[in-house]
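coords_29.csv follows (CSV, C-alpha atoms):
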```csv
chain,number,residue,atom,x,y,z
I,125,GLY,CA,157.6,61.5,30.8
I,126,SER,CA,154.0,60.9,29.9
I,127,VAL,CA,153.9,57.8,32.0
I,128,ASP,CA,156.3,58.5,34.9
I,129,PRO,CA,155.4,60.8,36.5
I,130,THR,CA,152.9,62.7,34.4
I,131,SER,CA,150.2,60.1,34.4
I,132,GLY,CA,150.3,60.1,38.2
I,133,THR,CA,150.4,63.9,38.5
I,134,ALA,CA,147.5,64.3,36.1
I,135,THR,CA,145.5,61.7,38.1
I,136,MET,CA,146.3,63.3,41.4
I,137,LEU,CA,145.3,66.8,40.1
I,138,GLU,CA,142.0,65.4,38.9
I,139,ILE,CA,141.3,63.9,42.3
I,140,THR,CA,142.1,67.3,43.9
I,141,ARG,CA,139.8,69.0,41.4
I,142,VAL,CA,136.9,66.7,42.2
I,143,LEU,CA,137.5,67.0,46.0
I,144,GLY,CA,137.6,70.8,45.5
I,145,GLU,CA,134.2,70.7,43.7
I,146,MET,CA,132.9,68.6,46.6
I,147,ALA,CA,134.2,71.1,49.1
I,148,LYS,CA,132.4,74.0,47.3
I,149,ASN,CA,129.2,72.0,47.8
I,150,GLY,CA,129.9,71.6,51.5
I,151,PHE,CA,131.9,68.4,51.8
I,152,ARG,CA,134.4,68.3,54.7
I,153,PRO,CA,136.3,65.0,55.3
I,154,ARG,CA,136.4,63.7,58.9
I,155,ARG,CA,140.2,63.4,58.5
I,156,THR,CA,142.7,65.7,56.9
I,157,LEU,CA,143.8,64.8,53.3
I,158,MET,CA,147.2,66.0,52.1
I,159,PHE,CA,148.3,65.9,48.4
I,160,CYS,CA,152.0,66.1,47.7
I,161,SER,CA,154.1,66.2,44.6
I,162,TRP,CA,157.7,65.3,45.3
I,163,GLY,CA,160.9,66.5,43.7
I,164,ALA,CA,164.0,64.4,43.0
I,165,GLU,CA,162.4,60.9,43.1
I,166,GLU,CA,164.8,59.6,40.5
I,167,TYR,CA,167.8,60.9,42.5
I,168,GLY,CA,167.3,58.8,45.6
I,169,LEU,CA,163.7,59.7,46.7
I,170,ILE,CA,165.2,62.9,48.1
I,171,GLY,CA,162.1,65.1,48.2
I,172,SER,CA,159.8,62.6,50.0
I,173,ILE,CA,162.5,61.2,52.3
I,174,GLU,CA,163.6,64.7,53.5
I,175,TYR,CA,160.0,65.7,54.2
I,176,VAL,CA,159.2,62.5,56.1
I,177,GLU,CA,162.5,62.7,58.1
I,178,GLU,CA,161.6,66.3,59.2
I,179,TYR,CA,158.1,65.3,60.3
I,180,VAL,CA,158.5,61.7,61.2
I,181,LYS,CA,157.3,62.1,64.8
I,182,VAL,CA,154.1,63.9,63.7
I,183,PHE,CA,153.4,61.4,61.0
I,184,GLY,CA,154.1,58.5,63.3
I,185,ALA,CA,151.4,59.8,65.6
I,186,ARG,CA,148.8,61.0,63.0
I,187,ILE,CA,149.1,59.5,59.6
I,188,ILE,CA,146.8,56.7,58.6
I,189,SER,CA,147.9,55.9,55.0
I,190,TYR,CA,150.0,57.1,52.1
I,191,LEU,CA,148.6,56.5,48.6
I,192,ASN,CA,151.3,56.6,45.9
I,193,VAL,CA,150.4,57.3,42.3
I,194,ASP,CA,153.6,58.4,40.6
I,195,ILE,CA,152.8,56.1,37.6
I,196,ALA,CA,149.0,55.9,37.3
I,197,VAL,CA,149.0,54.3,33.8
I,198,GLN,CA,151.7,52.3,32.1
I,199,GLY,CA,149.3,50.0,30.2
I,200,ASN,CA,145.7,49.2,29.5
I,201,HIS,CA,145.1,45.7,30.8
I,202,THR,CA,144.4,45.7,34.5
I,203,VAL,CA,144.9,47.5,37.8
I,204,GLN,CA,147.9,46.4,39.8
I,205,ILE,CA,148.3,47.3,43.4
I,206,LYS,CA,151.1,46.9,46.0
I,207,THR,CA,149.9,47.5,49.5
I,208,SER,CA,150.1,47.0,53.2
I,209,PRO,CA,147.9,44.0,54.1
I,210,MET,CA,145.6,46.0,56.2
I,211,LEU,CA,144.4,48.0,53.2
I,212,PHE,CA,143.4,45.0,51.1
I,213,ASP,CA,139.7,44.9,52.0
I,214,ILE,CA,139.3,48.7,51.5
I,215,ILE,CA,140.9,48.5,48.1
I,216,VAL,CA,138.7,45.6,47.0
I,217,GLU,CA,135.6,47.5,48.2
I,218,ALA,CA,136.7,50.6,46.4
I,219,SER,CA,137.3,48.7,43.1
I,220,LYS,CA,133.7,47.3,43.2
I,221,LEU,CA,132.2,50.8,42.9
I,222,TRP,CA,132.5,51.0,39.1
I,223,ASN,CA,132.1,48.7,36.1
I,224,ASN,CA,135.0,49.7,33.9
I,225,VAL,CA,137.4,47.5,35.9
I,226,THR,CA,137.1,44.4,33.9
I,227,ASN,CA,139.5,42.3,35.9
I,228,GLU,CA,139.8,42.1,39.7
I,229,PRO,CA,142.7,44.3,40.7
I,230,LYS,CA,146.0,42.4,41.1
I,231,ILE,CA,147.0,43.1,44.7
I,232,ALA,CA,150.4,42.2,46.1
I,233,TYR,CA,151.5,42.6,49.7
I,234,GLY,CA,154.6,44.7,50.4
I,235,LEU,CA,155.8,47.8,48.7
I,236,GLY,CA,159.6,47.6,48.6
I,237,SER,CA,161.6,50.7,48.0
I,238,GLY,CA,161.0,51.8,44.4
I,239,SER,CA,159.1,55.1,44.9
I,240,ASP,CA,158.1,57.8,47.3
I,241,PHE,CA,156.1,55.5,49.5
I,242,PHE,CA,159.4,54.1,50.9
I,243,SER,CA,159.9,56.6,53.7
I,244,PHE,CA,156.2,56.4,54.8
I,245,ASP,CA,156.5,52.6,54.8
I,246,GLN,CA,159.9,52.2,56.4
I,247,LEU,CA,160.3,55.3,58.6
I,248,VAL,CA,156.7,56.0,59.6
I,249,GLY,CA,155.2,52.6,59.5
I,250,SER,CA,151.8,53.6,58.0
I,251,SER,CA,149.6,51.4,55.9
I,252,ASN,CA,150.3,52.4,52.3
I,253,MET,CA,149.5,51.6,48.7
I,254,ASP,CA,150.9,52.1,45.2
I,255,GLY,CA,148.5,51.7,42.3
I,256,ARG,CA,148.7,51.7,38.6
I,257,TYR,CA,146.9,50.5,35.4
I,258,THR,CA,149.4,48.2,33.8
I,259,PHE,CA,150.0,46.0,30.7
I,260,ASP,CA,149.4,42.3,30.4
I,261,HIS,CA,152.4,40.7,32.1
I,262,THR,CA,151.6,37.2,30.8
I,263,TYR,CA,152.6,38.4,27.3
I,264,TYR,CA,155.5,40.5,28.5
I,265,GLU,CA,156.9,38.5,31.4
I,266,SER,CA,160.5,39.5,30.8
I,267,LEU,CA,159.7,43.3,31.0
I,268,GLY,CA,160.5,44.8,34.4
I,269,SER,CA,158.7,48.0,33.3
I,270,TYR,CA,157.1,49.5,30.2
I,271,PRO,CA,159.4,49.5,27.1
I,272,LEU,CA,159.9,53.3,26.8
I,273,TYR,CA,160.7,53.9,30.5
I,274,HIS,CA,162.7,57.1,30.8
I,275,THR,CA,163.4,57.5,27.1
I,276,SER,CA,162.8,60.6,25.0
I,277,TYR,CA,159.9,58.7,23.4
I,278,GLU,CA,157.8,58.8,26.6
I,279,VAL,CA,155.7,61.7,25.4
I,280,PHE,CA,152.1,62.7,25.4
I,281,SER,CA,151.5,61.3,21.8
I,282,MET,CA,152.7,57.9,23.0
I,283,MET,CA,150.2,57.9,25.8
I,284,LYS,CA,147.4,59.2,23.6
I,285,ASN,CA,148.0,56.9,20.6
I,286,PHE,CA,149.2,53.6,22.2
I,287,ILE,CA,148.5,53.3,25.9
I,288,ASP,CA,145.3,55.1,26.9
I,289,PRO,CA,143.7,56.8,23.8
I,290,ASN,CA,140.4,57.8,25.6
I,291,PHE,CA,142.1,58.2,29.0
I,292,THR,CA,139.8,55.6,30.6
I,293,ALA,CA,142.6,54.0,32.5
I,294,HIS,CA,143.5,57.4,33.9
I,295,ARG,CA,139.8,57.9,34.9
I,296,THR,CA,139.8,54.4,36.5
I,297,MET,CA,142.9,55.1,38.6
I,298,GLY,CA,141.5,58.5,39.6
I,299,GLN,CA,138.3,56.9,40.7
I,300,LEU,CA,140.0,54.1,42.6
I,301,MET,CA,142.5,56.2,44.4
I,302,GLY,CA,139.9,58.9,45.1
I,303,VAL,CA,137.5,56.4,46.6
I,304,VAL,CA,140.2,54.7,48.7
I,305,ALA,CA,141.1,58.2,50.0
I,306,LEU,CA,137.5,58.9,50.8
I,307,PHE,CA,137.1,55.6,52.6
I,308,LEU,CA,140.1,56.3,54.7
I,309,SER,CA,139.1,59.9,55.4
I,310,GLU,CA,135.4,59.4,55.9
I,311,THR,CA,134.8,56.1,57.7
I,312,PRO,CA,134.2,56.6,61.4
I,313,VAL,CA,135.9,53.3,62.2
I,314,LEU,CA,138.8,52.5,59.9
I,315,GLN,CA,138.2,49.3,58.0
I,316,PHE,CA,141.7,47.9,58.5
I,317,ASN,CA,141.8,44.2,58.6
I,318,VAL,CA,144.7,43.2,60.8
I,319,SER,CA,144.1,39.5,60.2
I,320,ARG,CA,145.4,40.0,56.6
I,321,TYR,CA,148.9,40.1,58.0
I,322,THR,CA,148.7,36.4,58.8
```
Reformat the file's structure so that it appears as structure tokens.
Amino acid sequence: GSVDPTSGTATMLEITRVLGEMAKNGFRPRRTLMFCSWGAEEYGLIGSIEYVEEYVKVFGARIISYLNVDIAVQGNHTVQIKTSPMLFDIIVEASKLWNNVTNEPKIAYGLGSGSDFFSFDQLVGSSNMDGRYTFDHTYYESLGSYPLYHTSYEVFSMMKNFIDPNFTAHRTMGQLMGVVALFLSETPVLQFNVSRYT
């Protein structure tokens, strides 16, 4: 649908477009960046789990982080992030780089198993994050997800007319995820804060 996964796919493609433009101008990250779009997420996370199982030893030795953005925008109130504790400081620093985030990102530790980050989190053990722009949960406490989740009404016009008319939430998520990716790929010494686990 227009929220899951199209908002995430569109955001990821915009990040790759911007990084491609940067590469044309000579930018080369210190660390490799991989962009993946998985199949069969709704059928048991099959695409990402099969991929990670095949390369688990390589990832265990080399991967730094997995940034998940299958739902980039499901509302227009605030940024909500689930993450490994070590990424907390990096995410906060990245969120300070623009003014259109009106509220401090809501950051929760622990990812669970609800998306393609599962195998990276549970099999590889990398520090990961899942980010999205979401609705105001204080008004909609009983909602586990957005009301049109996986219905035939989750179409582009719903996103354009009701959730993100000017696509500013999409832009914000692209900026946030892109800056976090750049911090992780460019910083000579990774800014992981191990004390956050306490």
Could you work out how far atom CA of Leu247 of chain I lies from atom CA of Met297 of chain I, giving the answer in Å with one decimal?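 Separation between atom CA of Met297 of chain I and atom CA of Leu247 of chain I: 26.5 Å.
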12 Å contact set for segment 257-274 of chain I, all atoms listed in the file, chain neighbours under 4 positions out, as a ChimeraX atom specification: /I:125-132,135,166,193-206,225-231,238,278-279,282-283,286-288,291-301
Which value, in Å to one decimal, gives the distance between atom CA of Ile188 of chain I and atom CA of Tyr167 of chain I? 26.8 Å
Report the distance between atom CA of Glu165 of chain I and atom CA of Ala218 of chain I in Å, rounded to one decimal place.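 Calculated distance between atom CA of Glu165 of chain I and atom CA of Ala218 of chain I is 27.9 Å.
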Need to verify the contact set: Ser239 of chain I, 12 Å, all atoms listed in the file, exclusion of same-chain residues closer than 4 positions in sequence. Can you return it as a PyMOL selection string? chain I and resi 128-129+162-173+190-195+206+235+243-246+252-255
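Neighbours of Thr311 of chain I closer than or equal to 12 Å, with all atoms listed in the file counted and sequence neighbours fewer than 4 positions away skipped, come out as Pro153, Arg154, Arg155, Ile214, Val303, Val304, Ala305, Leu306, Phe307, Gln315 and Phe316 of chain I.
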Rows by chain and residue number, segment 167-267 of chain I within 9 Å of segment 318-321 of chain I, shortest pair, all atoms listed in the file, as a Markdown table:
```
| residue | atom | partner | partner_atom | distance |
| --- | --- | --- | --- | --- |
| I:Ser208 | CA | I:Tyr321 | CA | 8.5 |
| I:Pro209 | CA | I:Arg320 | CA | 5.3 |
| I:Met210 | CA | I:Val318 | CA | 5.5 |
| I:Leu211 | CA | I:Arg320 | CA | 8.7 |
| I:Phe212 | CA | I:Arg320 | CA | 7.7 |
| I:Asp213 | CA | I:Arg320 | CA | 8.8 |
```
